[in-house]
file start08.tsv (TSV, C-alpha atoms)
chain	number	residue	atom	x	y	z
Q	99	MET	CA	69.08	108.31	103.34
Q	100	ALA	CA	66.14	106.31	102.04
Q	101	GLN	CA	63.40	105.10	104.35
Q	102	LEU	CA	61.83	102.13	102.62
Q	103	LYS	CA	58.07	101.84	102.17
Q	104	ASN	CA	57.99	98.13	101.30
Q	105	VAL	CA	58.86	96.67	104.69
Q	106	VAL	CA	57.98	93.10	105.61
Q	107	ASP	CA	57.24	91.55	109.01
Q	108	PRO	CA	58.80	91.55	111.56
Q	109	PHE	CA	60.57	94.79	110.63
Q	110	GLY	CA	59.16	98.12	111.72
Q	111	GLU	CA	61.44	100.40	109.75
Q	112	VAL	CA	64.34	99.92	107.34
Q	113	ASN	CA	66.64	102.80	106.38
Q	114	VAL	CA	69.46	102.66	103.83
Q	115	HIS	CA	72.43	105.06	103.98
Q	116	PRO	CA	75.35	105.46	101.56
Q	117	ALA	CA	78.67	104.38	103.09
Q	118	PRO	CA	82.33	104.69	102.03
Q	119	GLY	CA	84.03	101.96	100.06
Q	120	GLY	CA	81.14	101.06	97.77
Q	121	LEU	CA	78.94	99.98	100.65
Q	122	ARG	CA	75.49	100.75	101.99
Q	123	ARG	CA	74.71	100.97	105.71
Q	124	VAL	CA	71.41	99.41	106.71
Q	125	VAL	CA	69.58	100.33	109.91
Q	126	ALA	CA	66.51	98.21	110.65
Q	127	THR	CA	64.25	97.83	113.66
Q	128	ILE	CA	62.05	94.93	114.71
Q	129	LEU	CA	58.54	95.87	115.83
Q	130	MET	CA	57.81	95.71	119.52
Q	131	THR	CA	55.50	97.62	121.85
Q	132	PRO	CA	57.62	99.80	124.15
Q	133	TYR	CA	57.07	99.94	127.88
Q	134	LYS	CA	58.09	102.56	130.40
Q	135	GLU	CA	56.50	103.21	133.74
Q	136	GLY	CA	54.61	106.49	133.93
Q	137	THR	CA	54.15	106.94	130.17
Q	138	GLN	CA	51.69	109.58	128.99
Q	139	THR	CA	50.11	109.44	125.54
Q	140	GLY	CA	48.21	111.81	123.28
Q	141	ILE	CA	46.67	112.02	119.83
Q	142	ALA	CA	46.09	115.27	117.93
Q	143	LEU	CA	43.70	115.45	114.96
Q	144	ASP	CA	44.10	118.04	112.21
Q	145	GLY	CA	41.11	120.41	112.35
Q	146	SER	CA	41.98	122.65	109.40
Q	147	GLY	CA	39.45	123.36	106.64
Q	148	SER	CA	41.10	120.93	104.25
Q	149	MET	CA	40.02	118.10	106.56
Q	150	ARG	CA	36.28	118.51	105.86
Q	151	ARG	CA	36.22	115.54	103.55
Q	152	ALA	CA	38.19	113.35	105.96
Q	153	TYR	CA	35.56	114.03	108.64
Q	154	GLY	CA	32.72	113.27	106.24
Q	155	ASP	CA	31.46	116.83	106.61
Q	156	GLU	CA	28.71	117.60	104.08
Q	157	GLY	CA	29.12	121.33	104.54
Q	158	GLY	CA	31.40	121.62	101.50
Q	159	GLY	CA	30.24	122.21	97.95
Q	160	ARG	CA	28.69	119.24	96.12
Q	161	VAL	CA	27.17	118.70	92.71
Q	162	LEU	CA	23.51	117.93	93.42
Q	163	SER	CA	22.00	117.67	89.94
Q	164	PRO	CA	21.06	114.06	89.11
Q	165	ILE	CA	22.07	114.59	85.47
Q	166	PHE	CA	25.68	114.29	86.64
Q	167	GLY	CA	24.96	111.14	88.55
Q	168	GLY	CA	25.02	112.95	91.86
Q	169	SER	CA	27.97	112.44	94.20
Q	170	ALA	CA	28.77	109.85	96.81
Q	171	LYS	CA	27.88	110.69	100.37
Q	172	PRO	CA	31.03	111.76	102.26
Q	173	VAL	CA	32.50	109.16	104.58
Q	174	ASN	CA	34.15	109.94	107.91
Q	175	GLU	CA	37.64	108.53	107.35
Q	176	MET	CA	39.04	109.99	110.54
Q	177	THR	CA	36.92	108.05	113.02
Q	178	PRO	CA	38.24	104.51	112.38
Q	179	VAL	CA	41.85	105.72	112.29
Q	180	ALA	CA	41.56	107.78	115.47
Q	181	GLN	CA	39.56	105.07	117.27
Q	182	LYS	CA	42.19	102.41	116.66
Q	183	ILE	CA	45.23	104.52	117.50
Q	184	CYS	CA	43.67	106.13	120.57
Q	185	ALA	CA	42.39	102.83	121.96
Q	186	TYR	CA	45.72	101.11	121.34
Q	187	LEU	CA	47.70	103.81	123.16
Q	188	ALA	CA	45.28	103.91	126.09
Q	189	ARG	CA	45.19	100.13	126.46
Q	190	ASN	CA	48.85	99.28	125.91
Q	191	LEU	CA	50.97	102.30	126.78
Q	192	ASP	CA	49.35	105.02	128.88
Q	193	ALA	CA	50.08	104.81	132.60
Q	194	ASP	CA	46.63	106.16	133.49
Q	195	GLY	CA	44.77	104.11	130.87
Q	196	GLY	CA	43.53	107.27	129.15
Q	197	THR	CA	44.91	108.95	126.01
Q	198	SER	CA	44.61	112.73	125.73
Q	199	VAL	CA	42.77	113.80	122.55
Q	200	ILE	CA	42.83	117.26	120.96
Q	201	TYR	CA	42.07	118.92	117.63
Q	202	TRP	CA	44.82	121.14	116.27
Q	203	ALA	CA	44.98	123.74	113.47
Q	204	VAL	CA	41.54	125.11	114.40
Q	205	GLY	CA	40.31	128.71	114.54
Q	206	THR	CA	41.93	131.81	113.03
Q	207	ASN	CA	45.04	130.94	111.01
Q	208	GLY	CA	44.79	127.41	112.38
Q	209	SER	CA	46.71	128.53	115.46
Q	210	GLN	CA	44.42	127.15	118.17
Q	211	ILE	CA	43.62	123.79	119.70
Q	212	GLU	CA	40.37	122.24	120.89
Q	213	VAL	CA	40.59	119.79	123.80
Q	214	VAL	CA	38.39	116.70	123.60
Q	215	GLY	CA	39.59	115.04	126.82
Q	216	ASP	CA	41.21	111.84	128.02
Q	217	LEU	CA	39.63	108.71	126.56
Q	218	SER	CA	40.01	105.16	127.82
Q	219	ALA	CA	40.34	102.35	125.28
Q	220	SER	CA	36.66	101.42	125.50
Q	221	GLN	CA	35.60	105.09	125.26
Q	222	ALA	CA	37.82	105.63	122.21
Q	223	GLU	CA	36.34	102.60	120.46
Q	224	GLN	CA	32.84	104.05	120.85
Q	225	HIS	CA	33.70	107.70	120.20
Q	226	ARG	CA	32.77	109.35	116.91
Q	227	PHE	CA	35.64	111.62	115.96
Q	228	GLY	CA	33.60	114.18	114.07
Q	229	PRO	CA	34.73	117.60	112.87
Q	230	PRO	CA	35.99	120.29	115.27
Q	231	LYS	CA	33.73	123.15	116.35
Q	232	ASP	CA	35.69	125.68	114.28
Q	233	TYR	CA	37.70	124.61	111.24
Q	234	GLY	CA	41.05	126.37	111.00
Q	235	THR	CA	42.05	128.70	108.18
Q	236	GLY	CA	45.63	127.43	108.35
Q	237	THR	CA	47.61	124.41	109.53
Q	238	GLN	CA	49.89	125.22	112.46
Q	239	LEU	CA	51.37	122.28	114.35
Q	240	LEU	CA	53.39	124.12	116.99
Q	241	PRO	CA	50.49	124.92	119.39
Q	242	ALA	CA	49.57	121.22	119.61
Q	243	LEU	CA	53.19	120.21	120.15
Q	244	LYS	CA	53.57	122.76	122.95
Q	245	TYR	CA	50.31	121.61	124.54
Q	246	PHE	CA	51.53	118.05	125.08
Q	247	CYS	CA	55.06	119.14	126.08
Q	248	GLU	CA	53.77	121.53	128.73
Q	249	ARG	CA	50.91	119.42	130.07
Q	250	PHE	CA	53.01	116.28	130.51
Q	251	LYS	CA	56.35	117.93	131.22
Q	252	ASP	CA	56.92	115.81	134.32
Q	253	ALA	CA	55.97	112.49	132.71
Q	254	PRO	CA	58.87	109.97	132.64
Q	255	TRP	CA	58.18	109.43	128.94
Q	256	GLY	CA	55.69	110.86	126.45
Q	257	PHE	CA	54.37	109.43	123.19
Q	258	TYR	CA	52.26	111.72	120.99
Q	259	VAL	CA	50.69	111.14	117.57
Q	260	PHE	CA	49.66	113.91	115.16
Q	261	ILE	CA	47.37	113.17	112.21
Q	262	THR	CA	47.17	115.49	109.18
Q	263	ASP	CA	46.07	115.44	105.56
Q	264	GLY	CA	48.05	118.28	104.10
Q	265	GLU	CA	50.84	120.80	104.42
Q	266	LEU	CA	52.24	122.45	107.56
Q	267	HIS	CA	52.30	126.25	107.51
Q	268	ASP	CA	54.71	126.63	110.43
Q	269	LEU	CA	57.34	124.00	109.61
Q	270	ASP	CA	60.30	126.29	110.39
Q	271	GLU	CA	58.90	127.11	113.83
Q	272	VAL	CA	58.23	123.45	114.56
Q	273	MET	CA	61.77	122.50	113.54
Q	274	ALA	CA	63.30	125.21	115.73
Q	275	PHE	CA	61.22	124.14	118.74
Q	276	SER	CA	62.09	120.48	118.08
Q	277	LYS	CA	65.81	121.26	118.13
Q	278	GLN	CA	65.36	123.04	121.45
Q	279	LEU	CA	63.48	120.04	122.85
Q	280	CYS	CA	66.24	117.65	121.80
Q	281	GLN	CA	68.93	119.79	123.40
Q	282	GLU	CA	66.98	119.90	126.67
Q	283	ILE	CA	66.44	116.13	126.60
Q	284	ALA	CA	70.11	115.49	125.83
Q	285	ALA	CA	71.11	117.76	128.73
Q	286	ARG	CA	68.60	115.92	130.99
Q	287	ARG	CA	66.72	119.14	131.66
Q	288	ARG	CA	63.51	117.41	130.59
Q	289	ASN	CA	62.29	113.84	130.20
Q	290	PRO	CA	62.33	112.05	126.82
Q	291	LEU	CA	59.41	111.88	124.42
Q	292	LYS	CA	58.60	110.58	120.95
Q	293	LEU	CA	56.51	112.30	118.27
Q	294	VAL	CA	54.90	110.57	115.28
Q	295	LEU	CA	53.30	112.42	112.35
Q	296	ILE	CA	50.78	110.34	110.36
Q	297	GLY	CA	49.66	111.44	106.91
Q	298	LEU	CA	46.06	110.70	105.95
Q	299	GLY	CA	44.86	111.00	102.34
Q	300	LYS	CA	46.46	111.68	98.98
Q	301	ASP	CA	47.36	115.36	99.49
Q	302	VAL	CA	49.87	114.86	102.30
Q	303	ASN	CA	53.16	116.72	101.90
Q	304	GLU	CA	55.48	113.82	102.65
Q	305	TYR	CA	58.54	115.92	101.88
Q	306	GLN	CA	57.76	118.08	104.91
Q	307	MET	CA	57.17	114.99	107.04
Q	308	SER	CA	60.53	113.59	105.97
Q	309	GLU	CA	62.24	116.87	106.87
Q	310	LEU	CA	60.96	116.55	110.43
Q	311	ASP	CA	61.79	112.86	110.55
Q	312	ASP	CA	65.39	113.48	109.42
Q	313	LEU	CA	65.87	116.70	111.40
Q	314	ASP	CA	69.49	117.27	112.44
Q	315	THR	CA	69.30	118.52	116.02
Q	316	GLY	CA	72.99	118.26	116.87
Q	317	THR	CA	72.15	115.54	119.42
Q	318	ASP	CA	71.58	111.78	119.44
Q	319	ILE	CA	67.87	112.30	120.17
Q	320	ASP	CA	65.57	110.96	117.43
Q	321	LEU	CA	62.47	113.02	118.17
Q	322	TRP	CA	60.19	112.63	115.12
Q	323	ASP	CA	59.01	109.74	113.01
Q	324	HIS	CA	56.48	109.83	110.17
Q	325	LYS	CA	54.12	107.33	108.57
Q	326	LEU	CA	51.54	107.33	105.81
Q	327	ALA	CA	48.30	105.72	106.93
Q	328	ALA	CA	47.93	103.99	103.55
Q	329	ASP	CA	51.32	102.25	103.97
Q	330	MET	CA	50.85	101.01	107.54
Q	331	ARG	CA	50.47	97.25	107.94
Q	332	THR	CA	49.84	97.28	111.68
Q	333	LEU	CA	49.30	99.85	114.43
Q	334	GLU	CA	52.57	98.76	116.02
Q	335	GLN	CA	54.39	100.54	113.20
Q	336	ILE	CA	53.95	103.80	115.07
Q	337	PHE	CA	56.61	102.39	117.41
Q	338	ALA	CA	59.03	101.60	114.56
Q	339	GLU	CA	61.68	103.98	115.90
Q	340	VAL	CA	61.02	103.34	119.59
Q	341	VAL	CA	63.49	100.53	120.14
Q	342	ASP	CA	65.64	99.58	123.10
Q	343	ARG	CA	69.01	98.77	121.56
Q	344	ASN	CA	69.69	96.38	124.42
Q	345	ALA	CA	66.52	94.36	123.84
Q	346	ARG	CA	66.86	90.84	122.43
Q	347	VAL	CA	63.98	89.35	120.46
Q	348	ALA	CA	65.42	85.90	119.72
Q	349	ASP	CA	68.19	83.64	121.02
Q	350	HIS	CA	70.08	83.75	117.75
Q	351	GLY	CA	69.92	84.95	114.16
Q	352	LYS	CA	71.97	85.84	111.09
Q	353	ILE	CA	71.92	88.47	108.36
Q	354	LYS	CA	72.98	87.25	104.91
Q	355	THR	CA	73.37	88.68	101.42
Q	356	PRO	CA	71.73	86.92	98.45
Q	357	ASP	CA	74.95	84.97	97.74
Q	358	GLY	CA	74.86	83.50	101.25
Q	359	LYS	CA	77.57	85.67	102.79
Q	360	ILE	CA	77.00	86.36	106.51
Q	361	VAL	CA	77.24	90.09	107.26
Q	362	ALA	CA	75.98	89.92	110.86
Q	363	ASP	CA	75.96	86.90	113.18
Q	364	PHE	CA	73.98	86.95	116.44
Q	365	THR	CA	74.39	83.28	117.29
Q	366	ASP	CA	76.10	83.91	120.62
Q	367	LYS	CA	74.61	87.17	121.90
Q	368	GLY	CA	71.00	86.99	120.65
Q	369	LEU	CA	69.14	88.89	117.93
Q	370	PRO	CA	68.65	92.57	118.90
Q	371	ALA	CA	65.60	94.67	118.07
Q	372	TYR	CA	67.93	97.27	116.56
Q	373	LEU	CA	70.01	96.04	113.62
Q	374	GLU	CA	72.85	97.89	111.91
Q	375	PHE	CA	75.15	96.40	109.27
Q	376	THR	CA	76.74	97.11	105.87
Q	377	VAL	CA	76.33	95.39	102.52
Q	378	PRO	CA	77.86	95.98	99.08
Q	379	ALA	CA	76.11	98.76	97.15
Q	380	GLU	CA	74.93	96.34	94.45
Q	381	VAL	CA	73.04	94.12	96.93
Q	382	MET	CA	69.29	94.54	96.39
Q	383	TYR	CA	68.01	92.67	99.45
Q	384	PHE	CA	69.18	90.98	102.63
Q	385	THR	CA	67.97	87.87	104.43
Q	386	LEU	CA	67.27	87.49	108.14
Q	387	GLU	CA	67.51	83.90	109.30
Q	388	VAL	CA	65.74	83.43	112.63
Q	389	ASN	CA	63.68	80.68	114.27
Q	390	GLY	CA	63.69	78.50	111.19
Q	391	GLN	CA	62.58	81.30	108.86
Q	392	GLN	CA	64.28	83.10	106.00
Q	393	ILE	CA	62.90	86.65	105.82
Q	394	HIS	CA	63.94	88.59	102.72
Q	395	GLN	CA	63.83	92.39	102.89
Q	396	THR	CA	64.36	94.58	99.84
Q	397	LEU	CA	66.79	97.50	99.94
Q	398	ASP	CA	65.12	99.25	97.02
Q	399	ASP	CA	61.35	99.78	96.81
Q	400	ALA	CA	61.55	99.38	93.03
Q	401	VAL	CA	63.12	95.91	93.31
Q	402	PRO	CA	61.00	93.28	95.12
Q	403	ALA	CA	62.70	90.65	97.27
Q	404	PRO	CA	61.84	86.94	97.11
Q	405	PRO	CA	59.02	85.80	99.41
Q	406	SER	CA	60.00	84.66	102.89
Q	407	SER	CA	60.38	80.93	103.42
Q	408	THR	CA	61.06	78.20	105.96
Q	409	VAL	CA	64.62	77.02	106.35
Q	410	LYS	CA	64.94	73.39	105.34
Q	411	GLU	CA	66.47	71.31	108.09
Q	412	ALA	CA	69.14	68.77	107.25
Q	413	ALA	CA	67.79	65.27	106.65
Q	414	PRO	CA	68.58	62.79	109.45
Q	415	GLU	CA	71.50	60.49	108.81
Q	416	ILE	CA	70.41	57.07	107.56
Q	417	ILE	CA	72.18	54.15	109.28
Q	418	ASP	CA	72.18	50.77	107.58
Q	419	HIS	CA	71.49	47.91	109.98
Q	420	LEU	CA	72.44	44.30	109.54
Q	421	PRO	CA	69.53	42.13	108.41
Q	422	VAL	CA	67.56	40.52	111.26
Q	423	ASP	CA	66.40	36.96	111.05
Q	424	ASN	CA	62.65	36.52	110.91
Q	425	ASP	CA	62.40	35.13	114.45
Q	426	PRO	CA	58.77	34.28	115.39
Q	427	SER	CA	59.47	35.42	118.95
Q	428	GLU	CA	59.93	38.97	117.66
Q	429	GLN	CA	56.38	39.23	116.30
Q	430	GLU	CA	54.99	40.01	119.76
Q	431	TRP	CA	56.93	43.27	120.26
Q	432	LYS	CA	56.75	44.19	116.59
Q	433	GLY	CA	52.95	44.38	116.88
Q	434	LEU	CA	52.98	46.73	119.87
Q	435	SER	CA	51.81	50.32	119.44
Q	436	LEU	CA	54.75	52.74	119.64
Q	437	GLU	CA	52.65	55.87	120.35
Q	438	PHE	CA	53.53	57.61	123.57
Q	439	GLY	CA	51.51	60.22	125.45
Q	440	SER	CA	53.02	63.65	125.43
Q	441	GLY	CA	54.53	64.70	128.73
Q	442	PRO	CA	53.82	67.91	130.57
Q	443	SER	CA	54.96	70.99	128.75
Q	444	SER	CA	56.03	74.28	130.14
Q	445	GLU	CA	55.19	77.50	128.48
Q	446	GLY	CA	57.52	80.50	128.77
Q	447	ASP	CA	56.44	84.03	129.42
Q	448	LYS	CA	54.53	85.26	126.41
Q	449	ASN	CA	54.85	88.95	127.11
Q	450	LEU	CA	58.09	90.51	128.26
Q	451	ASP	CA	57.96	94.16	129.26
Q	452	ILE	CA	61.18	95.61	127.97
Q	453	GLU	CA	61.91	99.02	129.32
Q	454	LYS	CA	62.93	101.56	126.75
Q	455	ALA	CA	66.39	102.94	127.39
Q	456	ASP	CA	66.64	106.69	127.81

call {"tool": "encode", "arguments": {"input": "start08.tsv", "output": "structure tokens"}}
result
Amino acid sequence: MAQLKNVVDPFGEVNVHPAPGGLRRVVATILMTPYKEGTQTGIALDGSGSMRRAYGDEGGGRVLSPIFGGSAKPVNEMTPVAQKICAYLARNLDADGGTSVIYWAVGTNGSQIEVVGDLSASQAEQHRFGPPKDYGTGTQLLPALKYFCERFKDAPWGFYVFITDGELHDLDEVMAFSKQLCQEIAARRRNPLKLVLIGLGKDVNEYQMSELDDLDTGTDIDLWDHKLAADMRTLEQIFAEVVDRNARVADHGKIKTPDGKIVADFTDKGLPAYLEFTVPAEVMYFTLEVNGQQIHQTLDDAVPAPPSSTVKEAAPEIIDHLPVDNDPSEQEWKGLSLEFGSGPSSEGDKNLDIEKAD
């Protein structure tokens, strides 16, 4: 499976799978903010020693001699990222209006967590997410995962984001615990949740993140998603895999191949937020036609798709009239203004809360 990096609006995620018969199966989602009553949210910030630079910590070694031109003052890269994500979750998703914030991978072997507290959107926007009290000597994700799972065990739905800049030292343990979680969710012994791992910086081990994202749990539960901060267009992309398959985002739409062949037609039942269809293996992009737009999405990051465009409407039929005699009596109505005031307009609901299916 290939999860594409070059994804255009309005898509949140596009995955391409090999399929029998010389075909490729495409699974794409359309971005939308999920809603479920009683949702709890959390954000966990990597506090391991490798994160010093991300926090703008000047405690690390620096070349001070001016003969080398000095070195740039470290910049706290974590604060703007954490502020935006935390505020967004608190304002748009959390039932209590406060997102739980912790540092993870702190202390000996990076096996401890440090609780910051629950921040409202306005508090998060003003908070400086500086370094933890005790940088970790390892990067262990499992303690942070267990913290959220245990604290919000009774929440109807949980959404938790983990930010890191490097490599996980307990990946096997995290995968084993994740499989257990999925089996409990599938058996309805615990409520559903979604976990998103965000990579910050150039040293992120994306291979590990992909392993979690594609974890085979033996269930239909899709527990993990992963994103690279540098590739994110909007904050809503953290919800790329949180899609209600029954949700409809437009009254109609079509999926076409470059030669104009229709591979999926939603004219009668409405365009869903979750799209799944097949195309020939040689097809390099597909086109979504919706609301007068042609949106072209590549199926290979190495091959760009054409830019999106507006669908040209058919020209109105021209009807030839018989010539009219130049009757002087017609000049009166011909000189009248034909501009009419616009009538009252009704505006539909702009925001529809669509409950995420279990």

call {"tool": "closest_residue", "arguments": {"input": "start08.tsv", "among": "Q:Ala253, Q:Ala203, Q:Leu143, Q:Val112", "to": "Q:Val124", "atoms": "only C-alpha atoms"}}
result
Q:Val112

call {"tool": "residues_around", "arguments": {"input": "start08.tsv", "residues": "Q:Ala100", "least_positions_apart": "6", "cutoff": "7 Å", "atoms": "all atoms listed in the file", "output": "MDAnalysis selection string"}}
result
chainID Q and resid 113:115

call {"tool": "closest_residue", "arguments": {"input": "start08.tsv", "among": "Q:Leu102, Q:Arg287, Q:Leu279, Q:Ala222", "to": "Q:Val125", "atoms": "only C-alpha atoms"}}
result
Q:Leu102

call {"tool": "closest_residue", "arguments": {"input": "start08.tsv", "among": "Q:Gln138, Q:Gln281, Q:Ser220, Q:Asn344", "to": "Q:Phe257", "atoms": "only C-alpha atoms"}}
result
Q:Gln138

call {"tool": "atom_distance", "arguments": {"input": "start08.tsv", "atom1": "atom CA of Q:Gln238", "atom2": "atom CA of Q:Gln221"}}
result
27.8 Å

call {"tool": "atom_distance", "arguments": {"input": "start08.tsv", "atom1": "atom CA of Q:Val179", "atom2": "atom CA of Q:Asp323"}}
result
17.6 Å

call {"tool": "residues_around", "arguments": {"input": "start08.tsv", "residues": "stretch 313-316 of chain Q", "least_positions_apart": "2", "cutoff": "10 Å", "atoms": "only C-alpha atoms", "output": "PDB file with C-alpha atoms, in the coordinates of the input"}}
result
ATOM      1  CA  MET Q 273      61.770 122.500 113.540  1.00  0.00           C
ATOM      2  CA  ALA Q 274      63.300 125.210 115.730  1.00  0.00           C
ATOM      3  CA  SER Q 276      62.090 120.480 118.080  1.00  0.00           C
ATOM      4  CA  LYS Q 277      65.810 121.260 118.130  1.00  0.00           C
ATOM      5  CA  GLN Q 278      65.360 123.040 121.450  1.00  0.00           C
ATOM      6  CA  LEU Q 279      63.480 120.040 122.850  1.00  0.00           C
ATOM      7  CA  CYS Q 280      66.240 117.650 121.800  1.00  0.00           C
ATOM      8  CA  GLN Q 281      68.930 119.790 123.400  1.00  0.00           C
ATOM      9  CA  ALA Q 284      70.110 115.490 125.830  1.00  0.00           C
ATOM     10  CA  MET Q 307      57.170 114.990 107.040  1.00  0.00           C
ATOM     11  CA  SER Q 308      60.530 113.590 105.970  1.00  0.00           C
ATOM     12  CA  GLU Q 309      62.240 116.870 106.870  1.00  0.00           C
ATOM     13  CA  LEU Q 310      60.960 116.550 110.430  1.00  0.00           C
ATOM     14  CA  ASP Q 311      61.790 112.860 110.550  1.00  0.00           C
ATOM     15  CA  ASP Q 318      71.580 111.780 119.440  1.00  0.00           C
ATOM     16  CA  ILE Q 319      67.870 112.300 120.170  1.00  0.00           C
ATOM     17  CA  ASP Q 320      65.570 110.960 117.430  1.00  0.00           C
ATOM     18  CA  LEU Q 321      62.470 113.020 118.170  1.00  0.00           C
ATOM     19  CA  TRP Q 322      60.190 112.630 115.120  1.00  0.00           C
ATOM     20  CA  ASP Q 323      59.010 109.740 113.010  1.00  0.00           C
TER      21      ASP Q 323
END

call {"tool": "atom_distance", "arguments": {"input": "start08.tsv", "atom1": "atom CA of Q:Ile393", "atom2": "atom CA of Q:Ala126"}}
result
13.0 Å

call {"tool": "residues_around", "arguments": {"input": "start08.tsv", "residues": "Q:Gly234", "least_positions_apart": "4", "cutoff": "8 Å", "atoms": "only C-alpha atoms", "output": "PyMOL selection string"}}
result
chain Q and resi 145-147+203-210

call {"tool": "closest_residue", "arguments": {"input": "start08.tsv", "among": "Q:Gln181, Q:Gln391, Q:Pro404, Q:Val381", "to": "Q:Gly120", "atoms": "only C-alpha atoms"}}
result
Q:Val381

call {"tool": "residues_around", "arguments": {"input": "start08.tsv", "residues": "Q:Asn104", "least_positions_apart": "3", "cutoff": "10 Å", "atoms": "all atoms listed in the file", "output": "list of chain:residue names"}}
result
Q:Gln101, Q:Glu111, Q:Val112, Q:Asp329, Q:Met330, Q:Gln395, Q:Thr396, Q:Leu397, Q:Asp398, Q:Asp399, Q:Ala400, Q:Val401, Q:Pro402, Q:Ala403

call {"tool": "residues_around", "arguments": {"input": "start08.tsv", "residues": "Q:Thr355", "least_positions_apart": "3", "cutoff": "8 Å", "atoms": "all atoms listed in the file", "output": "CSV table (one decimal) with C-alpha atoms, in the coordinates of the input"}}
result
chain,number,residue,atom,x,y,z
Q,358,GLY,CA,74.9,83.5,101.2
Q,359,LYS,CA,77.6,85.7,102.8
Q,360,ILE,CA,77.0,86.4,106.5
Q,361,VAL,CA,77.2,90.1,107.3
Q,377,VAL,CA,76.3,95.4,102.5
Q,381,VAL,CA,73.0,94.1,96.9
Q,383,TYR,CA,68.0,92.7,99.4
Q,384,PHE,CA,69.2,91.0,102.6
Q,385,THR,CA,68.0,87.9,104.4

call {"tool": "axis_aligned_box", "arguments": {"input": "start08.tsv", "around": "stretch 189-202 of chain Q", "padding_each_side": "5 Å", "output": "JSON"}}
result
{"center_x": 46.5, "center_y": 110.2, "center_z": 124.9, "size_x": 18.9, "size_y": 31.9, "size_z": 27.2}

call {"tool": "closest_residue", "arguments": {"input": "start08.tsv", "among": "Q:Ser218, Q:Thr137, Q:Thr376, Q:Ser407", "to": "Q:Gly390", "atoms": "only C-alpha atoms"}}
result
Q:Ser407

call {"tool": "residues_near_point", "arguments": {"input": "start08.tsv", "point": "(41.6, 106.1, 123.9)", "cutoff": "8 Å", "atoms": "all atoms listed in the file", "output": "short mmCIF file (atom, residue, chain, number, x, y, z; two decimals) with C-alpha atoms, keeping the file's coordinate frame"}}
result
data_model
loop_
_atom_site.label_atom_id
_atom_site.label_comp_id
_atom_site.auth_asym_id
_atom_site.auth_seq_id
_atom_site.Cartn_x
_atom_site.Cartn_y
_atom_site.Cartn_z
CA GLN Q 181 39.56 105.07 117.27
CA ILE Q 183 45.23 104.52 117.50
CA CYS Q 184 43.67 106.13 120.57
CA ALA Q 185 42.39 102.83 121.96
CA TYR Q 186 45.72 101.11 121.34
CA LEU Q 187 47.70 103.81 123.16
CA ALA Q 188 45.28 103.91 126.09
CA ARG Q 189 45.19 100.13 126.46
CA GLY Q 195 44.77 104.11 130.87
CA GLY Q 196 43.53 107.27 129.15
CA THR Q 197 44.91 108.95 126.01
CA SER Q 198 44.61 112.73 125.73
CA VAL Q 199 42.77 113.80 122.55
CA ASP Q 216 41.21 111.84 128.02
CA LEU Q 217 39.63 108.71 126.56
CA SER Q 218 40.01 105.16 127.82
CA ALA Q 219 40.34 102.35 125.28
CA SER Q 220 36.66 101.42 125.50
CA GLN Q 221 35.60 105.09 125.26
CA ALA Q 222 37.82 105.63 122.21
CA GLU Q 223 36.34 102.60 120.46
#

call {"tool": "closest_residue", "arguments": {"input": "start08.tsv", "among": "Q:His225, Q:Arg288, Q:His350, Q:Arg150", "to": "Q:Thr262", "atoms": "all atoms listed in the file"}}
result
Q:Arg150

call {"tool": "decode", "arguments": {"input": "start08.tsv", "residues": "stretch 231-240 of chain Q", "atoms": "N, CA and C atoms", "output": "short mmCIF file (atom, residue, chain, number, x, y, z; two decimals), in the first residue's frame"}}
result
data_model
loop_
_atom_site.label_atom_id
_atom_site.label_comp_id
_atom_site.auth_asym_id
_atom_site.auth_seq_id
_atom_site.Cartn_x
_atom_site.Cartn_y
_atom_site.Cartn_z
N LYS Q 231 10.65 19.25 32.45
CA LYS Q 231 11.53 19.45 33.59
C LYS Q 231 12.74 18.51 33.53
N ASP Q 232 12.55 17.32 32.96
CA ASP Q 232 13.61 16.32 32.95
C ASP Q 232 13.61 15.58 31.61
N TYR Q 233 14.52 15.98 30.71
CA TYR Q 233 14.61 15.31 29.42
C TYR Q 233 14.83 13.80 29.61
N GLY Q 234 14.19 13.01 28.76
CA GLY Q 234 14.34 11.57 28.84
C GLY Q 234 15.60 11.08 28.15
N THR Q 235 16.09 9.94 28.62
CA THR Q 235 17.28 9.31 28.01
C THR Q 235 16.87 8.22 27.03
N GLY Q 236 15.61 8.17 26.69
CA GLY Q 236 15.08 7.23 25.71
C GLY Q 236 13.76 7.76 25.21
N THR Q 237 13.14 7.04 24.27
CA THR Q 237 11.87 7.49 23.70
C THR Q 237 10.87 6.35 23.76
N GLN Q 238 10.11 6.30 24.85
CA GLN Q 238 9.12 5.25 25.04
C GLN Q 238 7.71 5.84 24.98
N LEU Q 239 6.95 5.36 24.02
CA LEU Q 239 5.61 5.88 23.75
C LEU Q 239 4.52 5.21 24.60
N LEU Q 240 4.74 3.97 24.99
CA LEU Q 240 3.69 3.20 25.67
C LEU Q 240 3.14 3.87 26.93
#
